[in-house]
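K.L.:
Please find data_25.cif (mmCIF, C-alpha atoms) on the next line:
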```cif
data_structure
#
loop_
_atom_site.label_atom_id
_atom_site.label_comp_id
_atom_site.auth_asym_id
_atom_site.auth_seq_id
_atom_site.Cartn_x
_atom_site.Cartn_y
_atom_site.Cartn_z
CA MET W 29 -11.40 3.22 9.93
CA ASP W 30 -7.91 1.73 9.56
CA TYR W 31 -5.81 3.00 6.66
CA ASN W 32 -2.97 1.52 4.68
CA PHE W 33 -0.14 4.08 4.62
CA VAL W 34 2.06 3.71 1.53
CA PHE W 35 5.34 5.57 1.07
CA ASP W 36 7.80 6.08 -1.73
CA VAL W 37 11.37 6.13 -0.36
CA ASP W 38 13.75 8.37 -2.36
CA GLY W 39 12.73 12.00 -1.91
CA THR W 40 9.83 11.03 0.36
CA LEU W 41 11.45 9.33 3.37
CA THR W 42 15.06 10.19 2.54
CA PRO W 43 17.09 12.61 0.45
CA SER W 44 17.63 11.16 -3.01
CA ARG W 45 19.96 8.14 -2.56
CA GLY W 46 20.72 9.49 0.92
CA LEU W 47 20.30 8.07 4.40
CA MET W 48 17.20 8.51 6.52
CA ASP W 49 17.45 11.27 9.13
CA PRO W 50 17.99 9.55 12.54
CA LYS W 51 15.32 11.55 14.39
CA PHE W 52 12.81 11.05 11.60
CA LYS W 53 13.67 7.35 11.61
CA ASP W 54 12.79 7.08 15.31
CA PHE W 55 9.50 8.88 14.68
CA PHE W 56 8.73 6.73 11.64
CA GLN W 57 9.46 3.51 13.50
CA GLN W 58 6.81 4.46 16.06
CA PHE W 59 4.41 5.34 13.22
CA ILE W 60 4.96 1.84 11.79
CA TYR W 61 4.23 0.34 15.21
CA ASP W 62 0.89 2.17 15.35
CA ASN W 63 -0.21 1.72 11.70
CA ASP W 64 -0.22 -0.52 8.63
CA VAL W 65 2.71 0.78 6.59
CA TYR W 66 3.98 -0.24 3.13
CA LEU W 67 6.96 0.95 1.11
CA VAL W 68 7.05 1.15 -2.71
CA THR W 69 10.23 2.15 -4.50
CA GLY W 70 11.97 1.71 -7.81
CA SER W 71 15.15 0.73 -5.97
CA ASP W 72 16.08 -2.86 -5.18
CA TYR W 73 15.88 -4.19 -1.63
CA GLU W 74 19.60 -3.87 -0.93
CA LYS W 75 19.61 -0.14 -1.78
CA THR W 76 16.50 0.40 0.34
CA VAL W 77 18.18 -1.26 3.32
CA GLU W 78 21.22 0.99 2.77
CA GLN W 79 19.06 4.10 2.94
CA ILE W 80 16.55 3.39 5.71
CA GLY W 81 17.94 0.32 7.49
CA ALA W 82 16.94 -3.31 7.76
CA ASP W 83 14.96 -2.53 10.93
CA ILE W 84 12.54 -0.28 9.01
CA CYS W 85 12.36 -2.62 6.01
CA GLU W 86 11.55 -5.58 8.23
CA SER W 87 9.03 -3.67 10.38
CA VAL W 88 6.70 -2.50 7.60
CA ASN W 89 3.91 -4.78 6.39
CA THR W 90 5.46 -5.15 2.93
CA CYS W 91 8.38 -3.65 1.05
CA PHE W 92 7.53 -3.41 -2.65
CA ASN W 93 10.84 -3.00 -4.46
CA CYS W 94 11.54 -2.39 -8.15
CA SER W 95 8.08 -0.74 -8.38
CA GLY W 96 6.41 -3.87 -6.99
CA ASN W 97 8.31 -6.36 -9.15
CA SER W 98 10.21 -7.64 -6.12
CA ILE W 99 8.25 -8.17 -2.89
CA TRP W 100 9.74 -8.51 0.61
CA ILE W 101 8.03 -9.23 3.93
CA SER W 102 9.93 -9.31 7.25
CA GLY W 103 13.23 -9.39 5.39
CA GLN W 104 12.21 -12.38 3.29
CA ASN W 105 11.93 -12.26 -0.51
CA ILE W 106 8.39 -13.40 -1.39
CA SER W 107 8.38 -13.00 -5.18
CA ASN W 108 10.32 -11.54 -8.11
CA SER W 109 9.48 -10.70 -11.71
CA ASP W 110 11.63 -12.43 -14.35
CA TRP W 111 10.99 -9.73 -16.99
CA LYS W 112 14.05 -8.48 -18.86
CA LEU W 113 14.64 -5.61 -21.26
CA GLU W 114 15.11 -6.84 -24.83
CA GLN W 115 18.36 -6.14 -26.69
CA PHE W 116 16.67 -3.82 -29.19
CA HIS W 117 15.44 -1.74 -26.25
CA LYS W 118 19.00 -1.55 -24.91
CA ASP W 119 20.32 -0.60 -28.35
CA PHE W 120 17.88 2.31 -28.42
CA LEU W 121 19.00 3.46 -24.95
CA GLU W 122 22.64 3.31 -26.04
CA ARG W 123 21.81 5.61 -28.96
CA VAL W 124 20.00 8.00 -26.62
CA LEU W 125 23.04 8.01 -24.34
CA LYS W 126 25.41 8.68 -27.24
CA ASN W 127 23.33 11.56 -28.62
CA ASN W 128 22.31 13.28 -25.39
CA GLN W 129 23.70 16.80 -24.98
CA TYR W 130 24.67 16.46 -21.30
CA PRO W 131 28.50 16.20 -21.41
CA LEU W 132 29.38 14.20 -18.27
CA ARG W 133 29.25 10.39 -17.94
CA PHE W 134 30.09 8.33 -14.85
CA GLY W 135 29.09 4.78 -15.78
CA ASN W 136 26.28 2.35 -14.94
CA HIS W 137 23.84 3.96 -17.35
CA ILE W 138 21.54 0.94 -17.85
CA GLU W 139 21.04 -0.69 -14.46
CA GLU W 140 19.03 -3.91 -14.59
CA ARG W 141 16.98 -4.75 -11.51
CA LEU W 142 14.24 -7.32 -10.87
CA GLY W 143 11.48 -6.52 -13.35
CA LEU W 144 12.78 -2.98 -13.85
CA VAL W 145 15.60 -1.12 -15.61
CA ASN W 146 16.85 2.28 -14.47
CA PHE W 147 18.35 4.37 -17.27
CA SER W 148 20.52 7.38 -16.46
CA VAL W 149 22.39 9.65 -18.86
CA VAL W 150 24.83 10.90 -16.22
CA GLY W 151 25.12 7.37 -14.81
CA ARG W 152 24.29 5.89 -11.45
CA ASN W 153 27.97 5.96 -10.48
CA ALA W 154 27.86 9.77 -10.31
CA ASP W 155 28.59 11.22 -6.86
CA GLN W 156 26.13 13.48 -5.05
CA GLU W 157 27.62 16.69 -6.47
CA ASN W 158 27.32 15.46 -10.05
CA ARG W 159 23.82 14.10 -9.40
CA LYS W 160 22.74 17.56 -8.34
CA LEU W 161 24.50 19.19 -11.32
CA TYR W 162 22.68 16.87 -13.71
CA ASN W 163 19.36 17.33 -11.91
CA ARG W 164 19.62 21.12 -12.26
CA TRP W 165 20.47 20.79 -15.96
CA ASP W 166 17.60 18.35 -16.46
CA SER W 167 15.19 20.72 -14.70
CA GLU W 168 16.03 23.35 -17.32
CA HIS W 169 16.02 21.06 -20.38
CA ASN W 170 13.37 18.44 -19.44
CA SER W 171 15.68 15.81 -20.94
CA ARG W 172 14.43 12.86 -18.90
CA GLU W 173 10.80 13.71 -19.55
CA LEU W 174 11.46 13.89 -23.29
CA ILE W 175 13.36 10.59 -23.28
CA ALA W 176 10.56 8.87 -21.35
CA GLU W 177 7.96 10.24 -23.77
CA GLU W 178 9.97 8.95 -26.74
CA ILE W 179 10.27 5.48 -25.18
CA ASN W 180 6.52 5.39 -24.55
CA ARG W 181 5.76 6.45 -28.12
CA ARG W 182 8.22 4.08 -29.72
CA PHE W 183 7.55 0.85 -27.79
CA GLU W 184 4.19 -0.73 -27.00
CA ASP W 185 5.53 -3.37 -24.60
CA ILE W 186 7.33 -1.12 -22.11
CA GLU W 187 6.75 2.17 -20.33
CA ALA W 188 9.12 4.75 -18.91
CA GLN W 189 8.75 7.24 -16.05
CA VAL W 190 11.02 9.88 -14.53
CA ALA W 191 12.45 8.58 -11.25
CA GLY W 192 14.54 10.16 -8.51
CA GLU W 193 17.10 12.87 -9.29
CA ILE W 194 18.88 11.36 -12.30
CA GLY W 195 17.03 8.32 -13.63
CA ILE W 196 14.22 6.94 -15.73
CA ASP W 197 12.46 3.74 -14.61
CA ILE W 198 11.52 1.35 -17.41
CA VAL W 199 9.15 -1.54 -16.78
CA GLU W 200 6.96 -3.96 -18.66
CA ARG W 201 3.80 -2.06 -19.59
CA GLY W 202 1.35 -2.09 -16.68
CA LYS W 203 3.97 -3.28 -14.17
CA ASP W 204 4.73 0.03 -12.49
CA LYS W 205 3.87 1.08 -8.94
CA ARG W 206 0.11 0.85 -9.51
CA GLN W 207 0.37 -2.95 -9.47
CA ILE W 208 0.84 -2.99 -5.69
CA LEU W 209 -2.87 -2.24 -5.27
CA ASP W 210 -3.49 -5.90 -6.14
CA HIS W 211 -2.01 -6.64 -2.70
CA LEU W 212 -3.74 -3.89 -0.70
CA HIS W 213 -7.32 -3.84 0.47
CA GLY W 214 -9.25 -1.11 2.21
CA PRO W 215 -8.63 2.63 2.61
CA THR W 216 -5.20 3.70 1.39
CA LEU W 217 -3.14 6.88 1.64
CA PHE W 218 0.00 7.23 -0.50
CA PHE W 219 2.87 9.73 -0.17
CA GLY W 220 5.31 10.36 -3.02
CA ASP W 221 7.53 13.10 -4.42
CA THR W 222 6.88 12.46 -8.15
CA ILE W 223 3.09 12.52 -8.26
CA TYR W 224 2.88 14.37 -11.56
CA PRO W 225 2.47 13.22 -15.19
CA GLY W 226 5.61 11.35 -16.22
CA GLY W 227 6.75 10.72 -12.62
CA ASN W 228 7.04 7.17 -11.29
CA ASP W 229 4.58 7.85 -8.41
CA TYR W 230 1.88 9.19 -10.72
CA SER W 231 0.28 5.94 -11.91
CA LEU W 232 -0.29 4.73 -8.35
CA ALA W 233 -1.78 8.07 -7.32
CA GLU W 234 -4.09 8.01 -10.35
CA ALA W 235 -5.16 4.41 -9.66
CA LEU W 236 -6.07 5.37 -6.10
CA LYS W 237 -8.61 7.85 -7.45
CA ASP W 238 -10.70 4.88 -8.57
CA ARG W 239 -10.60 3.27 -5.14
CA ARG W 240 -13.05 4.18 -2.41
CA TYR W 241 -11.15 5.95 0.35
CA GLY W 242 -8.05 6.11 -1.83
CA PHE W 243 -5.91 9.21 -1.42
CA SER W 244 -2.44 10.41 -2.40
CA HIS W 245 -0.34 13.35 -1.33
CA LEU W 246 2.59 15.01 -3.10
CA VAL W 247 5.55 15.90 -0.88
CA LYS W 248 8.65 17.92 -1.73
CA ASP W 249 10.99 16.10 0.70
CA TRP W 250 11.16 13.91 3.81
CA LYS W 251 10.76 16.92 6.11
CA GLU W 252 7.35 17.64 4.61
CA THR W 253 6.46 13.95 4.98
CA GLN W 254 7.33 14.15 8.67
CA THR W 255 5.19 17.27 9.11
CA TYR W 256 2.20 15.54 7.53
CA LEU W 257 2.65 12.37 9.60
CA LYS W 258 2.67 14.40 12.79
CA ARG W 259 -0.65 15.93 11.70
CA ILE W 260 -2.00 12.46 10.92
CA SER W 261 -0.90 11.13 14.30
CA PHE W 262 -2.82 13.97 15.92
CA ASN W 263 -5.96 13.84 13.76
CA LEU W 264 -6.16 11.62 10.66
CA GLN W 265 -9.62 12.71 9.60
CA GLU W 266 -8.72 16.39 9.72
CA PHE W 267 -5.71 15.67 7.50
CA LEU W 268 -7.82 13.67 5.01
CA ASN W 269 -10.31 16.52 4.78
CA SER W 270 -7.43 18.73 3.59
CA VAL W 271 -6.15 16.33 0.92
#
```
Transcribe the structure of this file into structure tokens.
P.N.:
Amino acid sequence: MDYNFVFDVDGTLTPSRGLMDPKFKDFFQQFIYDNDVYLVTGSDYEKTVEQIGADICESVNTCFNCSGNSIWISGQNISNSDWKLEQFHKDFLERVLKNNQYPLRFGNHIEERLGLVNFSVVGRNADQENRKLYNRWDSEHNSRELIAEEINRRFEDIEAQVAGEIGIDIVERGKDKRQILDHLHGPTLFFGDTIYPGGNDYSLAEALKDRRYGFSHLVKDWKETQTYLKRISFNLQEFLNSV
């Protein structure tokens, strides 16, 4: 039985906003050659290419960017969502930013992508050190989770999910990562690092529960992903029995 293998990128194939490990990249390229592989990420295509390379992006069956709101096949843009965040949504995010207790700001706090907005209190211009500082603070205060919950309570037309180390992904309601299943048929196995309530991998993992031969697996980093893929390459069925 042939499976679709679906992977988040940040935190699953790479460090958060970091480059793919060269040795893992060689291994993963061979895995793509032997299997049907799909990528799904909240990032836009350009950022994905930065992290894992055009060769990987063009080798997979489909690259679902912006949580499936921008679709790329063989390096060609197939479709894009034209959804935009309304001004009253942005006004609310500006108030959240002003009132948040985290003291540091580095700019690019409301980043508009195709069919998706990424909101970050610390700002997407923060360097790696300040990303990690914010992430540690957020782990203690659950700030992003609380902001996402407030957005979901306040607005019926959008939904928010914790994403990556520093952000919150905001999409039109129902247009998160789960929507990619409209394009996939047959048995599917998904790997992500935020498969928990409030995380931006969770909805896809939950939707797979309703699909025959649909599975998901939480990973803590790309090294764990590599370990699992080596097991799969050796014996897929044995791995599935452990999921």
K.L.:
At what distance in Å, to one decimal, does CA of Phe243 in chain W lie from CA of Ile99 in chain W?
P.N.:
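Separation between CA of Ile99 in chain W and CA of Phe243 in chain W: 22.5 Å.
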K.L.:
Please measure the separation of CA of Gly70 in chain W and CA of His213 in chain W, giving the value in Å to one decimal.
P.N.:
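Separation of CA of Gly70 in chain W and CA of His213 in chain W: 21.7 Å.
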K.L.:
Closest to Leu174 in chain W among W:Val190, W:Asp64, W:Gln58, W:Gly214, using only C-alpha atoms?
P.N.:
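Of W:Val190, W:Asp64, W:Gln58, W:Gly214, the one nearest Leu174 in chain W is W:Val190, counting only C-alpha atoms.
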K.L.:
Just how far from CA of Ala191 in chain W is CA of Glu234 in chain W, in Å to one decimal?
P.N.:
16.6 Å
K.L.:
Apply the PyMOL selection byres ((chain W and resi 72-83) around 9) to the file shown and report the selected residues as number ranges by chain.
P.N.:
W: 37-38, 41-42, 45-49, 53, 57, 69-71, 84-88, 91-95, 98-100, 103, 141-142
K.L.:
Measuring between all atoms listed in the file, which one of W:Asn263, W:Ser244, W:Asn180, W:Thr253 shows the shortest distance to Gly226 in chain W?
P.N.:
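Nearest candidate to Gly226 in chain W out of W:Asn263, W:Ser244, W:Asn180, W:Thr253: W:Asn180.
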K.L.:
Given the file above and the PyMOL selection byres ((chain W and resi 175) around 12), which residues are selected, and can you give them as number ranges by chain?
P.N.:
W: 120-121, 123-125, 127-128, 147-149, 166, 169-174, 176-182, 187-190, 195-198, 226
K.L.:
Select from range 156-199 of chain W every residue with an atom at most 12 Å from any atom of range 109-112 of chain W, then for each give the shortest pair of atoms and their distance in Å to one decimal, using all atoms listed in the file, rows by chain and rising number, as a Markdown table.
P.N.:
```
| residue | atom | partner | partner_atom | distance |
| --- | --- | --- | --- | --- |
| W:Asp185 | CA | W:Trp111 | CA | 11.3 |
| W:Ile186 | CA | W:Lys112 | CA | 10.5 |
| W:Ile198 | CA | W:Lys112 | CA | 10.3 |
| W:Val199 | CA | W:Trp111 | CA | 8.4 |
```
K.L.:
Since the input lacks atoms, please generate N, CA, C and O atoms for range 98-113 of chain W and provide them as a compact mmCIF listing (two decimals), keeping the file's coordinate frame.
P.N.:
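Once written, result19.txt looks like this:
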```
# COMPACT_ATOMS: atom_id res chain seq x y z
N SER W 98 9.51 -6.82 -7.10
CA SER W 98 10.21 -7.64 -6.12
C SER W 98 9.59 -7.35 -4.76
O SER W 98 9.57 -6.20 -4.32
N ILE W 99 9.05 -8.37 -4.11
CA ILE W 99 8.25 -8.17 -2.89
C ILE W 99 8.96 -8.82 -1.70
O ILE W 99 9.38 -9.98 -1.76
N TRP W 100 9.06 -8.05 -0.60
CA TRP W 100 9.74 -8.51 0.61
C TRP W 100 8.84 -8.30 1.82
O TRP W 100 8.21 -7.25 1.97
N ILE W 101 8.78 -9.31 2.67
CA ILE W 101 8.03 -9.23 3.93
C ILE W 101 8.93 -9.75 5.05
O ILE W 101 9.48 -10.85 4.95
N SER W 102 9.10 -8.93 6.09
CA SER W 102 9.93 -9.31 7.25
C SER W 102 11.33 -9.75 6.84
O SER W 102 11.90 -10.69 7.40
N GLY W 103 11.88 -9.07 5.83
CA GLY W 103 13.23 -9.39 5.39
C GLY W 103 13.34 -10.60 4.49
O GLY W 103 14.45 -10.99 4.10
N GLN W 104 12.21 -11.21 4.14
CA GLN W 104 12.21 -12.38 3.29
C GLN W 104 11.67 -12.03 1.90
O GLN W 104 10.65 -11.37 1.78
N ASN W 105 12.35 -12.50 0.86
CA ASN W 105 11.93 -12.26 -0.51
C ASN W 105 10.78 -13.20 -0.87
O ASN W 105 10.95 -14.41 -0.92
N ILE W 106 9.60 -12.62 -1.13
CA ILE W 106 8.39 -13.40 -1.39
C ILE W 106 8.24 -13.73 -2.86
O ILE W 106 7.86 -14.84 -3.23
N SER W 107 8.52 -12.75 -3.74
CA SER W 107 8.38 -13.00 -5.18
C SER W 107 9.20 -12.00 -5.97
O SER W 107 9.48 -10.89 -5.49
N ASN W 108 9.58 -12.40 -7.19
CA ASN W 108 10.32 -11.54 -8.11
C ASN W 108 9.79 -11.71 -9.52
O ASN W 108 9.41 -12.82 -9.91
N SER W 109 9.79 -10.63 -10.28
CA SER W 109 9.48 -10.70 -11.71
C SER W 109 10.72 -11.19 -12.46
O SER W 109 11.85 -10.86 -12.09
N ASP W 110 10.50 -11.98 -13.53
CA ASP W 110 11.63 -12.43 -14.35
C ASP W 110 11.71 -11.65 -15.67
O ASP W 110 12.45 -12.04 -16.58
N TRP W 111 10.97 -10.53 -15.77
CA TRP W 111 10.99 -9.73 -16.99
C TRP W 111 12.35 -9.10 -17.21
O TRP W 111 13.01 -8.66 -16.27
N LYS W 112 12.78 -9.09 -18.48
CA LYS W 112 14.05 -8.48 -18.86
C LYS W 112 13.84 -7.54 -20.04
O LYS W 112 12.98 -7.79 -20.89
N LEU W 113 14.65 -6.51 -20.11
CA LEU W 113 14.64 -5.61 -21.26
C LEU W 113 15.25 -6.32 -22.46
O LEU W 113 16.29 -6.97 -22.36
```
